[in-house]
$ cat query33.txt   # compact mmCIF, N, CA and C atoms and all ligand atoms
# COMPACT_ATOMS: atom_id res chain seq x y z
N MET A 10 22.45 -3.44 1.51
CA MET A 10 21.50 -4.38 2.12
C MET A 10 20.10 -3.78 2.18
N PRO A 11 19.12 -4.45 1.62
CA PRO A 11 17.76 -3.92 1.73
C PRO A 11 17.25 -3.98 3.17
N LYS A 12 16.52 -2.99 3.52
CA LYS A 12 15.93 -2.94 4.85
C LYS A 12 14.42 -3.08 4.66
N ILE A 13 13.93 -4.28 4.82
CA ILE A 13 12.54 -4.56 4.48
C ILE A 13 11.60 -4.26 5.66
N LYS A 14 10.53 -3.57 5.34
CA LYS A 14 9.53 -3.28 6.34
C LYS A 14 8.16 -3.70 5.81
N LYS A 15 7.38 -4.31 6.69
CA LYS A 15 6.05 -4.78 6.30
C LYS A 15 5.02 -4.01 7.12
N VAL A 16 4.05 -3.42 6.44
CA VAL A 16 3.05 -2.60 7.15
C VAL A 16 1.64 -3.00 6.72
N ASN A 17 0.78 -3.14 7.70
CA ASN A 17 -0.64 -3.39 7.41
C ASN A 17 -1.37 -2.06 7.36
N LEU A 18 -2.30 -1.95 6.43
CA LEU A 18 -3.00 -0.68 6.22
C LEU A 18 -4.51 -0.86 6.29
N ASP A 19 -5.16 0.14 6.82
CA ASP A 19 -6.60 0.28 6.69
C ASP A 19 -6.82 1.18 5.49
N ILE A 20 -7.65 0.78 4.54
CA ILE A 20 -7.84 1.62 3.35
C ILE A 20 -9.30 2.04 3.25
N GLU A 21 -9.50 3.36 3.19
CA GLU A 21 -10.85 3.90 3.07
C GLU A 21 -11.12 4.34 1.64
N GLY A 22 -12.34 4.16 1.19
CA GLY A 22 -12.74 4.73 -0.10
C GLY A 22 -12.89 3.72 -1.22
N MET A 23 -12.54 2.46 -0.97
CA MET A 23 -12.71 1.45 -2.04
C MET A 23 -14.19 1.10 -2.15
N HIS A 24 -14.66 1.00 -3.41
CA HIS A 24 -16.07 0.65 -3.56
C HIS A 24 -16.31 -0.58 -4.41
N CYS A 25 -15.24 -1.21 -4.90
CA CYS A 25 -15.40 -2.47 -5.61
C CYS A 25 -14.04 -3.15 -5.74
N ASN A 26 -14.04 -4.34 -6.34
CA ASN A 26 -12.80 -5.11 -6.47
C ASN A 26 -11.79 -4.46 -7.39
N SER A 27 -12.25 -3.63 -8.36
CA SER A 27 -11.25 -3.03 -9.23
C SER A 27 -10.51 -1.91 -8.49
N CYS A 28 -11.13 -1.34 -7.48
CA CYS A 28 -10.40 -0.37 -6.64
C CYS A 28 -9.21 -1.07 -5.97
N SER A 29 -9.48 -2.21 -5.36
CA SER A 29 -8.39 -2.90 -4.66
C SER A 29 -7.32 -3.40 -5.63
N SER A 30 -7.74 -3.90 -6.81
CA SER A 30 -6.70 -4.35 -7.75
C SER A 30 -5.90 -3.17 -8.28
N GLY A 31 -6.57 -2.03 -8.45
CA GLY A 31 -5.85 -0.83 -8.91
C GLY A 31 -4.79 -0.41 -7.92
N ILE A 32 -5.16 -0.39 -6.65
CA ILE A 32 -4.21 -0.01 -5.60
C ILE A 32 -3.04 -0.98 -5.60
N GLN A 33 -3.38 -2.26 -5.69
CA GLN A 33 -2.36 -3.30 -5.68
C GLN A 33 -1.36 -3.11 -6.83
N LEU A 34 -1.89 -2.87 -8.03
CA LEU A 34 -1.03 -2.70 -9.20
C LEU A 34 -0.11 -1.50 -9.07
N VAL A 35 -0.68 -0.39 -8.63
CA VAL A 35 0.13 0.83 -8.51
C VAL A 35 1.22 0.64 -7.45
N LEU A 36 0.87 0.04 -6.33
CA LEU A 36 1.87 -0.17 -5.29
C LEU A 36 2.97 -1.10 -5.77
N GLN A 37 2.56 -2.17 -6.45
CA GLN A 37 3.55 -3.14 -6.93
C GLN A 37 4.52 -2.53 -7.93
N SER A 38 4.07 -1.49 -8.65
CA SER A 38 4.98 -0.87 -9.62
C SER A 38 5.68 0.35 -9.04
N THR A 39 5.46 0.61 -7.74
CA THR A 39 6.14 1.73 -7.09
C THR A 39 7.56 1.31 -6.73
N ASP A 40 8.51 2.20 -7.03
CA ASP A 40 9.91 1.89 -6.75
C ASP A 40 10.11 1.63 -5.25
N GLY A 41 10.77 0.54 -4.93
CA GLY A 41 11.07 0.23 -3.53
C GLY A 41 10.07 -0.72 -2.90
N VAL A 42 8.92 -0.88 -3.55
CA VAL A 42 7.90 -1.80 -3.02
C VAL A 42 8.19 -3.21 -3.51
N ILE A 43 8.26 -4.13 -2.58
CA ILE A 43 8.60 -5.51 -2.91
C ILE A 43 7.34 -6.33 -3.13
N ASN A 44 6.36 -6.08 -2.29
CA ASN A 44 5.12 -6.84 -2.39
C ASN A 44 3.98 -5.98 -1.86
N ALA A 45 2.82 -6.09 -2.50
CA ALA A 45 1.69 -5.31 -2.02
C ALA A 45 0.40 -6.06 -2.31
N SER A 46 -0.54 -5.93 -1.40
CA SER A 46 -1.86 -6.49 -1.65
C SER A 46 -2.90 -5.57 -1.05
N ALA A 47 -4.10 -5.61 -1.63
CA ALA A 47 -5.20 -4.82 -1.10
C ALA A 47 -6.47 -5.64 -1.28
N SER A 48 -7.34 -5.56 -0.31
CA SER A 48 -8.58 -6.33 -0.39
C SER A 48 -9.80 -5.44 -0.18
N TYR A 49 -10.70 -5.50 -1.14
CA TYR A 49 -11.94 -4.74 -1.00
C TYR A 49 -12.79 -5.35 0.11
N ASP A 50 -12.79 -6.67 0.22
CA ASP A 50 -13.61 -7.36 1.22
C ASP A 50 -13.28 -6.94 2.65
N THR A 51 -12.00 -6.86 2.95
CA THR A 51 -11.61 -6.54 4.32
C THR A 51 -11.29 -5.05 4.50
N LYS A 52 -11.22 -4.29 3.37
CA LYS A 52 -10.84 -2.87 3.40
C LYS A 52 -9.44 -2.68 3.98
N LYS A 53 -8.61 -3.68 3.74
CA LYS A 53 -7.26 -3.61 4.27
C LYS A 53 -6.23 -3.92 3.19
N GLY A 54 -5.02 -3.54 3.48
CA GLY A 54 -3.95 -3.85 2.57
C GLY A 54 -2.68 -4.16 3.33
N GLU A 55 -1.72 -4.64 2.59
CA GLU A 55 -0.44 -4.97 3.20
C GLU A 55 0.64 -4.58 2.21
N VAL A 56 1.67 -3.94 2.70
CA VAL A 56 2.74 -3.54 1.80
C VAL A 56 4.09 -3.86 2.42
N GLU A 57 4.97 -4.38 1.59
CA GLU A 57 6.31 -4.71 2.02
C GLU A 57 7.25 -3.85 1.17
N PHE A 58 8.08 -3.07 1.81
CA PHE A 58 8.94 -2.19 1.02
C PHE A 58 10.34 -2.11 1.62
N ASP A 59 11.26 -1.61 0.77
CA ASP A 59 12.65 -1.46 1.17
C ASP A 59 12.85 -0.04 1.67
N GLU A 60 13.13 0.08 2.95
CA GLU A 60 13.28 1.40 3.56
C GLU A 60 14.47 2.19 3.03
N GLU A 61 15.36 1.51 2.33
CA GLU A 61 16.49 2.22 1.72
C GLU A 61 16.04 2.93 0.44
N LYS A 62 14.92 2.47 -0.13
CA LYS A 62 14.49 3.00 -1.43
C LYS A 62 13.24 3.85 -1.38
N THR A 63 12.40 3.63 -0.39
CA THR A 63 11.18 4.43 -0.29
C THR A 63 10.78 4.51 1.19
N THR A 64 9.73 5.27 1.44
CA THR A 64 9.28 5.44 2.83
C THR A 64 7.81 5.09 2.92
N LEU A 65 7.35 4.87 4.13
CA LEU A 65 5.94 4.59 4.34
C LEU A 65 5.11 5.77 3.84
N ASP A 66 5.65 6.98 4.05
CA ASP A 66 4.96 8.17 3.62
C ASP A 66 4.72 8.18 2.11
N ASN A 67 5.72 7.76 1.35
CA ASN A 67 5.58 7.67 -0.11
C ASN A 67 4.51 6.68 -0.51
N VAL A 68 4.48 5.56 0.20
CA VAL A 68 3.48 4.52 -0.09
C VAL A 68 2.08 5.08 0.18
N LEU A 69 1.93 5.76 1.32
CA LEU A 69 0.62 6.32 1.67
C LEU A 69 0.20 7.38 0.65
N LYS A 70 1.18 8.16 0.18
CA LYS A 70 0.89 9.20 -0.80
C LYS A 70 0.45 8.61 -2.14
N ALA A 71 1.09 7.51 -2.54
CA ALA A 71 0.72 6.85 -3.79
C ALA A 71 -0.74 6.40 -3.73
N ILE A 72 -1.16 5.90 -2.59
CA ILE A 72 -2.55 5.46 -2.42
C ILE A 72 -3.49 6.67 -2.43
N GLU A 73 -3.04 7.73 -1.78
CA GLU A 73 -3.84 8.96 -1.72
C GLU A 73 -4.07 9.56 -3.10
N GLN A 74 -3.02 9.48 -3.94
CA GLN A 74 -3.13 10.03 -5.30
C GLN A 74 -4.17 9.29 -6.13
N LEU A 75 -4.45 8.05 -5.75
CA LEU A 75 -5.48 7.28 -6.46
C LEU A 75 -6.88 7.62 -5.93
N GLY A 76 -6.93 8.36 -4.85
CA GLY A 76 -8.22 8.77 -4.31
C GLY A 76 -8.68 7.98 -3.10
N TYR A 77 -7.76 7.27 -2.48
CA TYR A 77 -8.11 6.50 -1.28
C TYR A 77 -7.30 6.99 -0.10
N LYS A 78 -7.77 6.62 1.09
CA LYS A 78 -7.02 7.02 2.28
C LYS A 78 -6.53 5.78 3.00
N ALA A 79 -5.21 5.71 3.18
CA ALA A 79 -4.62 4.57 3.86
C ALA A 79 -4.05 4.99 5.19
N THR A 80 -4.35 4.20 6.22
CA THR A 80 -3.83 4.46 7.55
C THR A 80 -3.09 3.21 8.04
N PRO A 81 -1.86 3.39 8.49
CA PRO A 81 -1.14 2.22 9.02
C PRO A 81 -1.85 1.71 10.29
N MET A 82 -1.91 0.39 10.44
CA MET A 82 -2.59 -0.19 11.59
C MET A 82 -1.62 -0.40 12.75
CU CU A 101 -14.03 0.38 -7.43

$ encode --input "query33.txt" --output "structure tokens" --more "lines below"
Ligand SMILES: [Cu+2]
Amino acid sequence: MPKIKKVNLDIEGMHCNSCSSGIQLVLQSTDGVINASASYDTKKGEVEFDEEKTTLDNVLKAIEQLGYKATPM
């Protein structure tokens, strides 16, 4: 049974719309992530993931590897 968790994020370091789409694409292709969105306008994101397959820490690290800083709200 998947254990779905939804987390809102504050994302620092985005400077245009391609930053937010890049984050979105990488998160969506991350194993265990069901749905992800990021917005340059609001500097926020939302990620839905399966806790059986990944962790919030992994999601935050994936964003960090792209050069941004995400903080759960
Ligand atoms: Cu950018």

$ atom_distance --input "query33.txt" --atom1 "CA of Lys14 (chain A)" --atom2 "atom C of Glu60 (chain A)"
8.1 Å

$ residues_near_ligand --input "query33.txt" --ligand "ligand CU 101 (chain A)" --cutoff "6 Å" --atoms "all atoms listed in the file" --output "PyMOL selection string"
chain A and resi 23-29

$ select_by_dssp --input "query33.txt" --residues "chain A" --states "helix (DSSP H, G or I)" --output "PyMOL selection string"
chain A and resi 26-37+65-74

$ residues_near_point --input "query33.txt" --point "(17.6, -3.1, 6.4)" --cutoff "7 Å" --atoms "all atoms listed in the file" --output "tab-separated table (two decimals) with N, CA and C atoms, keeping the file's coordinate frame"
chain	number	residue	atom	x	y	z
A	10	MET	N	22.45	-3.44	1.51
A	10	MET	CA	21.50	-4.38	2.12
A	10	MET	C	20.10	-3.78	2.18
A	11	PRO	N	19.12	-4.45	1.62
A	11	PRO	CA	17.76	-3.92	1.73
A	11	PRO	C	17.25	-3.98	3.17
A	12	LYS	N	16.52	-2.99	3.52
A	12	LYS	CA	15.93	-2.94	4.85
A	12	LYS	C	14.42	-3.08	4.66
A	13	ILE	N	13.93	-4.28	4.82
A	13	ILE	CA	12.54	-4.56	4.48
A	13	ILE	C	11.60	-4.26	5.66
A	60	GLU	N	13.13	0.08	2.95
A	60	GLU	CA	13.28	1.40	3.56
A	60	GLU	C	14.47	2.19	3.03
A	61	GLU	N	15.36	1.51	2.33
A	61	GLU	CA	16.49	2.22	1.72
A	61	GLU	C	16.04	2.93	0.44

$ atom_distance --input "query33.txt" --atom1 "CA of Val68 (chain A)" --atom2 "CA of Leu36 (chain A)"
7.2 Å

$ atom_distance --input "query33.txt" --atom1 "CA of Leu65 (chain A)" --atom2 "atom N of Tyr49 (chain A)"
20.2 Å

$ residues_around --input "query33.txt" --residues "Ile72 (chain A)" --least-positions-apart "6" --cutoff "8 Å" --atoms "only N, CA and C atoms" --output "list in words"
Ile32, Val35, Leu36, Asp66, Lys78 and Ala79 of chain A

$ residues_around --input "query33.txt" --residues "Asn44 (chain A)" --least-positions-apart "3" --cutoff "10 Å" --atoms "only C-alpha atoms" --output "mmCIF file with N, CA and C atoms, in the coordinates of the input"
data_model
loop_
_atom_site.group_PDB
_atom_site.id
_atom_site.type_symbol
_atom_site.label_atom_id
_atom_site.label_comp_id
_atom_site.auth_asym_id
_atom_site.auth_seq_id
_atom_site.Cartn_x
_atom_site.Cartn_y
_atom_site.Cartn_z
ATOM 1 N N LYS A 15 7.380 -4.310 6.690
ATOM 2 C CA LYS A 15 6.050 -4.780 6.300
ATOM 3 C C LYS A 15 5.020 -4.010 7.120
ATOM 4 N N GLN A 33 -3.380 -2.260 -5.690
ATOM 5 C CA GLN A 33 -2.360 -3.300 -5.680
ATOM 6 C C GLN A 33 -1.360 -3.110 -6.830
ATOM 7 N N LEU A 36 0.870 0.040 -6.330
ATOM 8 C CA LEU A 36 1.870 -0.170 -5.290
ATOM 9 C C LEU A 36 2.970 -1.100 -5.770
ATOM 10 N N GLN A 37 2.560 -2.170 -6.450
ATOM 11 C CA GLN A 37 3.550 -3.140 -6.930
ATOM 12 C C GLN A 37 4.520 -2.530 -7.930
ATOM 13 N N SER A 38 4.070 -1.490 -8.650
ATOM 14 C CA SER A 38 4.980 -0.870 -9.620
ATOM 15 C C SER A 38 5.680 0.350 -9.040
ATOM 16 N N THR A 39 5.460 0.610 -7.740
ATOM 17 C CA THR A 39 6.140 1.730 -7.090
ATOM 18 C C THR A 39 7.560 1.310 -6.730
ATOM 19 N N GLY A 41 10.770 0.540 -4.930
ATOM 20 C CA GLY A 41 11.070 0.230 -3.530
ATOM 21 C C GLY A 41 10.070 -0.720 -2.900
ATOM 22 N N GLU A 55 -1.720 -4.640 2.590
ATOM 23 C CA GLU A 55 -0.440 -4.970 3.200
ATOM 24 C C GLU A 55 0.640 -4.580 2.210
ATOM 25 N N VAL A 56 1.670 -3.940 2.700
ATOM 26 C CA VAL A 56 2.740 -3.540 1.800
ATOM 27 C C VAL A 56 4.090 -3.860 2.420
ATOM 28 N N GLU A 57 4.970 -4.380 1.590
ATOM 29 C CA GLU A 57 6.310 -4.710 2.020
ATOM 30 C C GLU A 57 7.250 -3.850 1.170
ATOM 31 N N PHE A 58 8.080 -3.070 1.810
ATOM 32 C CA PHE A 58 8.940 -2.190 1.020
ATOM 33 C C PHE A 58 10.340 -2.110 1.620
ATOM 34 N N ASP A 59 11.260 -1.610 0.770
ATOM 35 C CA ASP A 59 12.650 -1.460 1.170
ATOM 36 C C ASP A 59 12.850 -0.040 1.670
#

$ closest_residue --input "query33.txt" --among "A:Val42, A:Leu34, A:Ile20, A:Ala47" --to "Thr80 (chain A)" --atoms "all atoms listed in the file"
A:Ile20

$ axis_aligned_box --input "query33.txt" --around "region 38-46 of chain A" --padding-each-side "6 Å" --output "JSON"
{"center_x": 4.1, "center_y": -2.3, "center_z": -5.3, "size_x": 26.0, "size_y": 21.0, "size_z": 20.6}

$ residues_around --input "query33.txt" --residues "Lys52 (chain A)" --least-positions-apart "5" --cutoff "6.5 Å" --atoms "only N, CA and C atoms" --output "list in words"
Leu18, Asp19, Ile20 and Glu21 of chain A
